[in-house]
Every structure is written in C-alpha cells, then in structure tokens.
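Colleague: Contents of run-v2.cif (mmCIF, C-alpha atoms) are given next:
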```
data_target
loop_
_atom_site.group_PDB
_atom_site.id
_atom_site.type_symbol
_atom_site.label_atom_id
_atom_site.label_comp_id
_atom_site.auth_asym_id
_atom_site.auth_seq_id
_atom_site.Cartn_x
_atom_site.Cartn_y
_atom_site.Cartn_z
ATOM 1 C CA MET A 1 12.417 90.137 -109.233
ATOM 2 C CA PRO A 2 15.684 92.081 -109.485
ATOM 3 C CA ALA A 3 16.613 94.106 -106.423
ATOM 4 C CA PRO A 4 16.583 97.912 -106.665
ATOM 5 C CA SER A 5 19.837 99.716 -107.367
ATOM 6 C CA SER A 6 20.811 103.336 -107.735
ATOM 7 C CA ASN A 7 21.141 103.157 -111.514
ATOM 8 C CA ARG A 8 18.805 100.396 -112.609
ATOM 9 C CA PRO A 9 14.991 100.481 -112.815
ATOM 10 C CA ILE A 10 13.145 97.942 -110.681
ATOM 11 C CA GLY A 11 11.762 94.986 -112.593
ATOM 12 C CA SER A 12 12.370 93.140 -115.845
ATOM 13 C CA ALA A 13 11.512 93.966 -119.446
ATOM 14 C CA THR A 14 8.388 92.401 -120.918
ATOM 15 C CA ARG A 15 8.167 90.936 -124.406
ATOM 16 C CA GLY A 16 6.859 94.316 -125.501
ATOM 17 C CA THR A 17 3.980 93.028 -127.627
ATOM 18 C CA THR A 18 1.190 95.552 -128.056
ATOM 19 C CA HIS A 19 -1.668 96.389 -130.394
ATOM 20 C CA PRO A 20 -3.916 99.420 -130.951
ATOM 21 C CA HIS A 21 -7.108 99.279 -128.872
ATOM 22 C CA ARG A 22 -5.828 96.269 -126.935
ATOM 23 C CA LEU A 23 -6.710 97.884 -123.592
ATOM 24 C CA ARG A 24 -9.925 99.644 -124.575
ATOM 25 C CA ARG A 25 -12.090 97.564 -122.224
ATOM 26 C CA MET A 26 -9.882 98.334 -119.246
ATOM 27 C CA ASP A 27 -9.681 102.030 -120.188
ATOM 28 C CA ARG A 28 -13.438 102.400 -120.462
ATOM 29 C CA TRP A 29 -13.919 100.738 -117.089
ATOM 30 C CA ILE A 30 -11.305 103.033 -115.512
ATOM 31 C CA ALA A 31 -12.984 106.128 -116.947
ATOM 32 C CA ASP A 32 -16.297 105.009 -115.472
ATOM 33 C CA ALA A 33 -15.166 103.600 -112.109
ATOM 34 C CA HIS A 34 -12.446 106.176 -111.371
ATOM 35 C CA GLY A 35 -13.949 109.170 -113.156
ATOM 36 C CA ALA A 36 -15.078 110.919 -109.964
ATOM 37 C CA VAL A 37 -11.526 110.897 -108.550
ATOM 38 C CA LEU A 38 -10.071 112.090 -111.849
ATOM 39 C CA ARG A 39 -12.515 115.008 -111.901
ATOM 40 C CA ARG A 40 -11.671 116.058 -108.353
ATOM 41 C CA VAL A 41 -7.960 116.510 -109.135
ATOM 42 C CA GLU A 42 -6.901 119.639 -110.996
ATOM 43 C CA ALA A 43 -4.344 118.000 -113.311
ATOM 44 C CA PRO A 44 -4.456 114.248 -112.616
ATOM 45 C CA VAL A 45 -1.473 112.160 -113.709
ATOM 46 C CA ALA A 46 -1.934 108.581 -114.898
ATOM 47 C CA VAL A 47 0.852 106.090 -115.602
ATOM 48 C CA ASP A 48 0.836 103.463 -118.337
ATOM 49 C CA LEU A 49 3.397 101.106 -116.815
ATOM 50 C CA GLY A 50 5.177 98.766 -119.211
ATOM 51 C CA TYR A 51 3.453 100.015 -122.366
ATOM 52 C CA GLY A 52 5.663 97.895 -124.608
ATOM 53 C CA ALA A 53 7.485 98.270 -127.890
ATOM 54 C CA ALA A 54 5.032 100.857 -129.269
ATOM 55 C CA PRO A 55 3.262 103.702 -127.449
ATOM 56 C CA TRP A 56 -0.286 103.047 -128.670
ATOM 57 C CA THR A 57 -1.761 102.157 -125.283
ATOM 58 C CA ALA A 58 -0.435 105.327 -123.618
ATOM 59 C CA VAL A 59 -1.761 107.515 -126.445
ATOM 60 C CA GLU A 60 -5.174 105.860 -126.189
ATOM 61 C CA LEU A 61 -5.260 106.077 -122.391
ATOM 62 C CA LEU A 62 -4.835 109.850 -122.573
ATOM 63 C CA ASP A 63 -7.629 110.200 -125.117
ATOM 64 C CA ARG A 64 -9.998 108.039 -123.070
ATOM 65 C CA LEU A 65 -9.267 109.705 -119.733
ATOM 66 C CA ARG A 66 -9.842 113.097 -121.280
ATOM 67 C CA THR A 67 -13.418 112.118 -122.029
ATOM 68 C CA VAL A 68 -14.020 112.436 -118.266
ATOM 69 C CA ARG A 69 -11.207 114.846 -117.281
ATOM 70 C CA PRO A 70 -9.921 117.165 -120.023
ATOM 71 C CA GLY A 71 -6.875 118.145 -117.932
ATOM 72 C CA ALA A 72 -5.628 114.583 -117.445
ATOM 73 C CA ARG A 73 -1.994 113.766 -118.205
ATOM 74 C CA VAL A 74 -0.395 110.411 -118.987
ATOM 75 C CA VAL A 75 3.195 109.255 -118.524
ATOM 76 C CA GLY A 76 4.214 106.045 -120.251
ATOM 77 C CA VAL A 77 6.884 104.276 -118.173
ATOM 78 C CA GLU A 78 9.081 101.590 -119.719
ATOM 79 C CA ILE A 79 12.045 99.672 -118.329
ATOM 80 C CA ASP A 80 13.568 99.286 -121.810
ATOM 81 C CA ALA A 81 15.357 102.547 -122.662
ATOM 82 C CA ALA A 82 15.183 101.854 -126.409
ATOM 83 C CA ARG A 83 11.374 101.688 -126.210
ATOM 84 C CA VAL A 84 11.293 105.043 -124.440
ATOM 85 C CA ALA A 85 13.468 106.605 -127.135
ATOM 86 C CA ALA A 86 11.184 105.176 -129.838
ATOM 87 C CA ALA A 87 8.114 106.649 -128.095
ATOM 88 C CA ARG A 88 9.475 110.158 -127.602
ATOM 89 C CA PRO A 89 8.375 111.421 -131.079
ATOM 90 C CA TYR A 90 4.775 110.780 -129.950
ATOM 91 C CA GLU A 91 5.004 113.133 -126.976
ATOM 92 C CA ARG A 92 2.561 116.027 -126.967
ATOM 93 C CA GLU A 93 0.740 118.210 -124.501
ATOM 94 C CA GLY A 94 -0.321 115.922 -121.663
ATOM 95 C CA LEU A 95 1.657 112.901 -122.878
ATOM 96 C CA ALA A 96 5.243 112.037 -121.913
ATOM 97 C CA PHE A 97 7.440 108.947 -121.690
ATOM 98 C CA ALA A 98 9.945 108.011 -118.991
ATOM 99 C CA HIS A 99 12.535 105.309 -118.387
ATOM 100 C CA GLY A 100 11.763 103.292 -115.270
ATOM 101 C CA GLY A 101 10.082 100.334 -113.659
ATOM 102 C CA PHE A 102 8.151 99.579 -110.492
ATOM 103 C CA GLU A 103 9.645 102.622 -108.768
ATOM 104 C CA VAL A 104 7.442 104.695 -111.156
ATOM 105 C CA PRO A 105 9.717 107.716 -111.603
ATOM 106 C CA LEU A 106 7.798 110.942 -112.220
ATOM 107 C CA PRO A 107 9.182 114.489 -112.397
ATOM 108 C CA GLY A 108 9.381 116.186 -109.022
ATOM 109 C CA GLY A 109 8.308 113.013 -107.236
ATOM 110 C CA ALA A 110 4.714 113.490 -108.418
ATOM 111 C CA ARG A 111 2.231 110.815 -107.359
ATOM 112 C CA PRO A 112 -0.214 109.459 -109.950
ATOM 113 C CA VAL A 113 -3.922 109.034 -109.333
ATOM 114 C CA LEU A 114 -3.827 105.994 -111.616
ATOM 115 C CA ILE A 115 -1.277 103.326 -112.465
ATOM 116 C CA ARG A 116 -2.320 100.900 -115.165
ATOM 117 C CA ALA A 117 -0.117 97.795 -115.501
ATOM 118 C CA ALA A 118 -1.454 95.491 -118.197
ATOM 119 C CA ASN A 119 0.307 92.269 -119.226
ATOM 120 C CA VAL A 120 3.293 93.151 -117.021
ATOM 121 C CA LEU A 121 3.246 90.649 -114.156
ATOM 122 C CA ARG A 122 2.586 87.496 -116.159
ATOM 123 C CA GLN A 123 6.328 86.813 -116.377
ATOM 124 C CA TYR A 124 6.819 87.008 -112.596
ATOM 125 C CA GLU A 125 6.311 84.331 -109.980
ATOM 126 C CA GLU A 126 3.016 84.343 -108.097
ATOM 127 C CA GLY A 127 4.900 84.903 -104.839
ATOM 128 C CA GLU A 128 6.304 88.188 -106.176
ATOM 129 C CA VAL A 129 2.967 89.787 -106.988
ATOM 130 C CA ALA A 130 2.012 91.035 -103.509
ATOM 131 C CA ALA A 131 5.312 92.923 -103.110
ATOM 132 C CA VAL A 132 4.890 94.576 -106.524
ATOM 133 C CA TRP A 133 1.330 95.549 -105.662
ATOM 134 C CA ARG A 134 2.488 97.124 -102.385
ATOM 135 C CA ARG A 135 5.283 99.033 -104.109
ATOM 136 C CA LEU A 136 2.991 100.406 -106.818
ATOM 137 C CA CYS A 137 0.179 101.285 -104.403
ATOM 138 C CA GLY A 138 2.764 103.101 -102.298
ATOM 139 C CA ARG A 139 3.377 105.449 -105.238
ATOM 140 C CA LEU A 140 -0.283 106.422 -105.605
ATOM 141 C CA ALA A 141 -1.704 109.804 -104.692
ATOM 142 C CA PRO A 142 -4.475 109.811 -102.049
ATOM 143 C CA GLY A 143 -7.542 108.211 -103.563
ATOM 144 C CA GLY A 144 -5.430 106.687 -106.339
ATOM 145 C CA LEU A 145 -6.053 103.400 -108.104
ATOM 146 C CA LEU A 146 -3.807 100.608 -109.401
ATOM 147 C CA VAL A 147 -5.314 98.477 -112.164
ATOM 148 C CA GLU A 148 -3.307 95.331 -112.931
ATOM 149 C CA GLY A 149 -4.369 92.554 -115.267
ATOM 150 C CA THR A 150 -3.999 90.564 -118.439
ATOM 151 C CA CYS A 151 -5.688 90.474 -121.831
ATOM 152 C CA ASP A 152 -5.365 88.663 -125.114
ATOM 153 C CA GLU A 153 -3.474 90.124 -128.065
ATOM 154 C CA ILE A 154 -6.346 92.176 -129.476
ATOM 155 C CA GLY A 155 -8.272 92.907 -126.291
ATOM 156 C CA ARG A 156 -11.231 90.565 -126.666
ATOM 157 C CA ARG A 157 -10.769 88.955 -123.249
ATOM 158 C CA HIS A 158 -9.464 90.705 -120.178
ATOM 159 C CA VAL A 159 -9.348 90.187 -116.398
ATOM 160 C CA TRP A 160 -7.963 92.785 -114.004
ATOM 161 C CA VAL A 161 -7.634 93.553 -110.307
ATOM 162 C CA ALA A 162 -8.256 97.073 -108.961
ATOM 163 C CA LEU A 163 -6.298 98.104 -105.863
ATOM 164 C CA ASP A 164 -6.051 101.171 -103.656
ATOM 165 C CA ALA A 165 -3.844 102.041 -100.691
ATOM 166 C CA THR A 166 -5.559 99.355 -98.601
ATOM 167 C CA GLY A 167 -4.899 96.567 -101.126
ATOM 168 C CA PRO A 168 -6.940 94.691 -103.733
ATOM 169 C CA ARG A 169 -10.599 95.677 -103.914
ATOM 170 C CA THR A 170 -12.233 94.078 -106.960
ATOM 171 C CA VAL A 171 -11.717 91.701 -109.886
ATOM 172 C CA THR A 172 -13.290 92.512 -113.256
ATOM 173 C CA PHE A 173 -13.974 90.016 -116.045
ATOM 174 C CA ALA A 174 -14.522 91.653 -119.442
ATOM 175 C CA ALA A 175 -14.999 90.212 -122.910
ATOM 176 C CA ARG A 176 -16.209 90.703 -126.410
ATOM 177 C CA LEU A 177 -19.139 88.430 -125.771
ATOM 178 C CA GLY A 178 -19.295 87.024 -129.268
ATOM 179 C CA SER A 179 -15.833 85.526 -128.720
ATOM 180 C CA LEU A 180 -16.896 83.386 -125.737
ATOM 181 C CA GLU A 181 -18.134 79.839 -125.795
ATOM 182 C CA ARG A 182 -18.457 79.949 -122.004
ATOM 183 C CA PRO A 183 -17.362 82.445 -119.300
ATOM 184 C CA SER A 184 -14.575 80.167 -118.074
ATOM 185 C CA ASP A 185 -12.792 80.879 -121.384
ATOM 186 C CA LEU A 186 -11.592 83.958 -119.484
ATOM 187 C CA ALA A 187 -9.553 81.742 -117.131
ATOM 188 C CA GLU A 188 -6.539 81.895 -119.442
ATOM 189 C CA ARG A 189 -6.437 85.677 -118.902
ATOM 190 C CA LEU A 190 -6.590 85.666 -115.116
ATOM 191 C CA PRO A 191 -3.918 87.937 -113.597
ATOM 192 C CA LYS A 192 -0.857 86.328 -112.077
ATOM 193 C CA ALA A 193 -2.287 86.422 -108.547
ATOM 194 C CA LEU A 194 -5.160 84.145 -109.630
ATOM 195 C CA ILE A 195 -4.200 82.167 -112.715
ATOM 196 C CA HIS A 196 -2.598 79.289 -110.811
ATOM 197 C CA ARG A 197 -5.549 79.211 -108.406
ATOM 198 C CA ASN A 198 -8.105 78.065 -110.939
ATOM 199 C CA VAL A 199 -8.222 74.597 -109.366
ATOM 200 C CA PRO A 200 -10.842 72.822 -107.236
ATOM 201 C CA GLY A 201 -10.975 74.188 -103.721
ATOM 202 C CA GLU A 202 -10.053 77.746 -104.707
ATOM 203 C CA PRO A 203 -12.681 80.533 -104.794
ATOM 204 C CA VAL A 204 -11.893 81.700 -108.329
ATOM 205 C CA HIS A 205 -12.447 78.157 -109.601
ATOM 206 C CA ALA A 206 -15.814 78.018 -107.823
ATOM 207 C CA PHE A 207 -16.788 81.382 -109.293
ATOM 208 C CA LEU A 208 -15.980 80.357 -112.867
ATOM 209 C CA ARG A 209 -17.780 77.036 -112.337
ATOM 210 C CA ASP A 210 -20.896 78.860 -111.160
ATOM 211 C CA PHE A 211 -20.568 81.381 -113.977
ATOM 212 C CA ASP A 212 -20.521 78.569 -116.541
ATOM 213 C CA ARG A 213 -23.577 77.002 -114.938
ATOM 214 C CA ALA A 214 -25.420 80.326 -114.969
ATOM 215 C CA TRP A 215 -24.429 80.812 -118.614
ATOM 216 C CA ALA A 216 -25.768 77.367 -119.510
ATOM 217 C CA ALA A 217 -29.038 78.049 -117.668
ATOM 218 C CA ALA A 218 -29.354 81.360 -119.568
ATOM 219 C CA ALA A 219 -29.145 79.629 -122.965
ATOM 220 C CA PRO A 220 -32.795 80.543 -123.787
ATOM 221 C CA TYR A 221 -31.661 84.208 -123.857
ATOM 222 C CA ALA A 222 -29.023 83.517 -126.519
ATOM 223 C CA PRO A 223 -31.410 84.140 -129.469
ATOM 224 C CA LEU A 224 -31.943 87.658 -128.098
ATOM 225 C CA SER A 225 -28.189 88.335 -127.930
ATOM 226 C CA ALA A 226 -25.049 87.234 -126.127
ATOM 227 C CA ARG A 227 -25.397 90.458 -124.123
ATOM 228 C CA GLN A 228 -28.817 89.437 -122.774
ATOM 229 C CA ARG A 229 -27.460 86.013 -121.910
ATOM 230 C CA TRP A 230 -24.525 87.617 -120.027
ATOM 231 C CA ILE A 231 -26.865 89.933 -118.103
ATOM 232 C CA ARG A 232 -29.106 87.029 -117.103
ATOM 233 C CA SER A 233 -26.031 85.048 -115.988
ATOM 234 C CA ALA A 234 -24.874 87.950 -113.837
ATOM 235 C CA GLN A 235 -28.286 88.185 -112.198
ATOM 236 C CA THR A 236 -28.100 84.470 -111.392
ATOM 237 C CA LEU A 237 -24.648 84.863 -109.854
ATOM 238 C CA ARG A 238 -25.870 87.701 -107.647
ATOM 239 C CA THR A 239 -28.873 85.685 -106.526
ATOM 240 C CA ALA A 240 -26.516 82.818 -105.676
ATOM 241 C CA GLY A 241 -24.610 85.106 -103.311
ATOM 242 C CA TRP A 242 -21.587 86.200 -105.320
ATOM 243 C CA PRO A 243 -20.813 89.820 -104.322
ATOM 244 C CA LEU A 244 -21.000 91.654 -107.629
ATOM 245 C CA VAL A 245 -20.328 95.373 -107.249
ATOM 246 C CA ASP A 246 -21.726 96.539 -110.585
ATOM 247 C CA GLY A 247 -25.061 96.196 -112.335
ATOM 248 C CA PRO A 248 -26.794 96.005 -115.702
ATOM 249 C CA ARG A 249 -25.248 99.247 -116.977
ATOM 250 C CA ARG A 250 -21.765 97.673 -116.869
ATOM 251 C CA TRP A 251 -22.940 94.152 -117.591
ATOM 252 C CA ARG A 252 -24.200 95.435 -120.921
ATOM 253 C CA GLN A 253 -20.567 96.283 -121.744
ATOM 254 C CA GLY A 254 -19.559 92.649 -121.273
ATOM 255 C CA GLU A 255 -18.193 93.191 -117.764
ATOM 256 C CA ILE A 256 -18.721 91.672 -114.344
ATOM 257 C CA THR A 257 -16.906 93.007 -111.263
ATOM 258 C CA VAL A 258 -16.625 90.952 -108.077
ATOM 259 C CA ARG A 259 -15.281 91.854 -104.653
ATOM 260 C CA TRP A 260 -11.694 90.668 -104.252
ATOM 261 C CA GLU A 261 -12.396 88.930 -100.931
ATOM 262 C CA ALA A 262 -14.749 86.509 -102.689
ATOM 263 C CA LEU A 263 -12.041 85.349 -105.126
ATOM 264 C CA ALA A 264 -8.848 85.806 -103.105
ATOM 265 C CA PRO A 265 -6.554 82.760 -103.000
ATOM 266 C CA ARG A 266 -6.791 80.577 -99.937
ATOM 267 C CA ALA A 267 -3.831 80.888 -97.587
#
```
So that I can check it, write out the structure of this file as structure tokens.

Modeller:
Amino acid sequence: MPAPSSNRPIGSATRGTTHPHRLRRMDRWIADAHGAVLRRVEAPVAVDLGYGAAPWTAVELLDRLRTVRPGARVVGVEIDAARVAAARPYEREGLAFAHGGFEVPLPGGARPVLIRAANVLRQYEEGEVAAVWRRLCGRLAPGGLLVEGTCDEIGRRHVWVALDATGPRTVTFAARLGSLERPSDLAERLPKALIHRNVPGEPVHAFLRDFDRAWAAAAPYAPLSARQRWIRSAQTLRTAGWPLVDGPRRWRQGEITVRWEALAPRA
C-alpha cells in the first residue's frame, strides 16, 4: 500500500466497476443493524469509500439511509480525481463527493458514523488489511461502523465484515437465494481478510463446510422455497454451536451473520 504523503491520497485506485443496486443487500443490512446509531445522531455522515467510475452506489446509499434517518448525509470518496469530477453533477442536498483515499477527508475534519468500503480491498495483500481497517476505524465517530466486503457484479452474492473502534465484530453472508447451488458458492466473495483462508484447518472453511451440510440436510424444505431451506440451514448451524447473531427476520432476507471470533483466521 502506498505510503501517505502531503499531496497524495492514501491507497490505490480500483478498477472502478460499478452497477446500480449492486450494494443493495449491504445497504439494507446497514439500515437495519446500524439504524439506532443513525437515529441518535442529529445529522449523521456516511462515507461511500471507493465508489468507482459512476456514483450510483453513493446515490443509493443516501436514499436507503434516509429510510431510517431523514437527515443522513453521504460523502462519496474516490482516489481517482477524474471520477470525482464526473460525479460532481450528481451532488444535491445531503450528497457530496470528495477526492481522497483511506485518510477519508471530510470538511472540517468531520467524523463519519459509517464508512462503507465495498470491493476496495480485493486488490491489496492480505497482510495489508489489518492496517487499513485500523486506519478507517480511527476515522469513525463514537459508535461508528466500518462495513468492508465484496460482492459480485450485480449484487447477488455478498460477504462483508462489520467493525467498530474495537475491531472486527461480525461477518455477514448474503445472497439472492435462487442464485445459489450451495452456500459455499459465497466463498468466491469472501473479503480479503478471509478469502485465502478457505482451506482445511481454518474456521471459515469449517463454517462453509457445515453450512453446505446443513443445506443438504434441509433439501426437503426446497419445494417450499429456497428461503425456507436457508432458514432451516441457519437453525441447524445455530444448534451445532455456530454463534449466529441474527435470527429468522434477517435470515428471510437471505442473510446470516456470524461473530467474527468464530471465523477469524488462525494465527
């Protein structure tokens, strides 16, 4: 990762690929899981870090956050100055764009209650992730949340880590259930901190193995719907001792959230 300098944003440009509604699953989870914090702050600021060559994800994040906090504001931050210039015509009340990277520059040194970094760290080395996480979490306002993860091109499959000032807290697996043959199809979308750990002996590999087994055992529920099969699989995982932090209300959305400690890479 490039070192900071006085005139250069911290980080490297992504490929910039984006698509409308690509991050809808992550956004809906954020609105639900972080809604209470957003409502407590008078004018909460959220950052869409590395939004890409088009501003769609920042525009959509504002709309979705305002379903739970009408006064929310979003700043799209991009390391590529040309992308910022291209996004500026989309600015409106509550939505702005800024040139920057992992230093997350906001006017007046403001601290965001949310930083969302989707499909940003895939190009970095695994050993660089922890330092980026610490830097971004250090920019958060008290009670703030960093959500970092990866999804496919049209948002059917997504895995993200949620972090606060103390570090990583949870991992969420989310999918359009009709697109899955088995839950381990989500392995290709694991965030950088986990994607190289999907090997025997690592917790995330054991979790996906058990998830596939639970999915296979829940096959009799498939005629009812993929959703019912997913819910039954989640119940089996919980019974087996995996520390799921959500329940049927979120499982029905095609999500499962697990405590980070259960999936963290072995030292």

Colleague: Starting from the PyMOL selection byres ((chain A and resi 153) around 9), expand the selection into actual residues of this file and give them as an MDAnalysis selection string.

Modeller: chainID A and resid 17:19 22 151:152 154:157

Colleague: Given the choices A:Gly11, A:Pro248, A:Gly178, A:Pro89, which gets closest to Gln235 in chain A if the distance is worked out from only C-alpha atoms?

Modeller: A:Pro248

Colleague: Can you list, as a list in words, the residues that the PyMOL selection byres ((chain A and resi 79) around 6) selects here?

Modeller: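 Taken on the displayed file, the PyMOL selection byres ((chain A and resi 79) around 6) yields the residues Ala13, Glu78, Asp80, His99, Gly100 and Gly101 of chain A.
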
Colleague: So the first atom is CA of Leu140 in chain A and the second is CA of Val68 in chain A; what is the distance between them in Å, to one decimal place?

Modeller: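 About the pair CA of Leu140 in chain A and CA of Val68 in chain A: they are 19.6 Å apart.
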
Colleague: For His158 in chain A, which residue among A:Val41, A:Leu106, A:Ile256, A:Leu61 is the nearest when counting all atoms listed in the file?

Modeller: A:Ile256

Colleague: Which residue gives the smallest distance to Arg139 in chain A among A:Ala175, A:Trp242, A:Val47, A:Ala162, with all atoms listed in the file counted?

Modeller: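 Ranking A:Ala175, A:Trp242, A:Val47, A:Ala162 by distance to Arg139 in chain A, first place goes to A:Val47.
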
Colleague: Let me know the residues the PyMOL selection byres ((chain A and resi 166-168) around 9) catches in the file above, as a list in words.

Modeller: Trp133, Arg134, Cys137, Leu146, Val161, Ala162, Leu163, Asp164, Ala165, Arg169, Thr170, Val171, Arg259, Trp260 and Glu261 of chain A

Colleague: Using Å and a single decimal, report how far CA of Leu237 in chain A sits from CA of Val199 in chain A.

Modeller: 19.4 Å

Colleague: Enter the distance from CA of Gly108 in chain A to CA of Val74 in chain A, in Å, rounded to one decimal.

Modeller: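 Separation of CA of Gly108 in chain A and CA of Val74 in chain A: 15.1 Å.
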
Colleague: If we count only C-alpha atoms, what is near range 114-119 of chain A at a cut-off of 6 Å, once residues fewer than 5 positions away on the same chain are taken out, given as a PyMOL selection string?

Modeller: chain A and resi 46-49+144-150

Colleague: Go ahead and dump the residues you just picked, C-alpha atoms, as a PDB file, keeping the file's coordinate frame.

Modeller:
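And here's selection_26.pdb as it stands now:
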```
ATOM      1  CA  ALA A  46      -1.934 108.581-114.898  1.00  0.00           C
ATOM      2  CA  VAL A  47       0.852 106.090-115.602  1.00  0.00           C
ATOM      3  CA  ASP A  48       0.836 103.463-118.337  1.00  0.00           C
ATOM      4  CA  LEU A  49       3.397 101.106-116.815  1.00  0.00           C
ATOM      5  CA  GLY A 144      -5.430 106.687-106.339  1.00  0.00           C
ATOM      6  CA  LEU A 145      -6.053 103.400-108.104  1.00  0.00           C
ATOM      7  CA  LEU A 146      -3.807 100.608-109.401  1.00  0.00           C
ATOM      8  CA  VAL A 147      -5.314  98.477-112.164  1.00  0.00           C
ATOM      9  CA  GLU A 148      -3.307  95.331-112.931  1.00  0.00           C
ATOM     10  CA  GLY A 149      -4.369  92.554-115.267  1.00  0.00           C
ATOM     11  CA  THR A 150      -3.999  90.564-118.439  1.00  0.00           C
TER      12      THR A 150
END
```

Colleague: So which residues touch Gly35 in chain A within 10 Å, counting only C-alpha atoms, skipping near sequence neighbours fewer than 2 positions away, as a list in words?

Modeller: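 Using only C-alpha atoms, the neighbours found are Arg28, Trp29, Ile30, Ala31, Asp32, Ala33, Val37, Leu38, Arg39, Arg40, Leu65, Arg66, Thr67, Val68 and Arg69 of chain A.
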
Colleague: Pick from A:Arg182, A:Arg189, A:Arg238, A:His196: nearest to Gly127 in chain A, with all atoms listed in the file counted?

Modeller: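 Of the candidates, the smallest distance to Gly127 in chain A is held by A:His196.
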
Colleague: Taking all atoms listed in the file into account, name the residue in A:Asp212, A:Leu194, A:Ala206, A:Pro243 that is nearest to Ala130 in chain A.

Modeller: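 Nearest candidate to Ala130 in chain A out of A:Asp212, A:Leu194, A:Ala206, A:Pro243: A:Leu194.
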
Colleague: With only C-alpha atoms as the atoms that count, which of A:Ser12, A:Leu186, A:Ala222, A:Phe97 lies nearest to His205 in chain A?

Modeller: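 Result for the nearest residue to His205 in chain A: A:Leu186.
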
Colleague: As AutoDock Vina command-line options, please: the centre and edge lengths in Å, to one decimal, of an axis-aligned box enclosing every listed atom of range 169-184 of chain A with 5 Å added on each side.

Modeller:
```
--center_x -14.9 --center_y 87.8 --center_z -116.6 --size_x 18.7 --size_y 25.8 --size_z 35.4
```

Colleague: Please provide as number ranges by chain all residues within 12 Å of Arg92 in chain A, with the sequence filter that same-chain residues fewer than 3 positions apart are discarded (counting all atoms listed in the file).

Modeller: A: 58-59, 62-63, 73-75, 87-89, 95-97

Colleague: Up to 7 Å from (-4.1, 102.2, -131.0) in the file's coordinates: name the residues, counting only C-alpha atoms, as a PyMOL selection string.

Modeller: chain A and resi 19-21+56-57+60
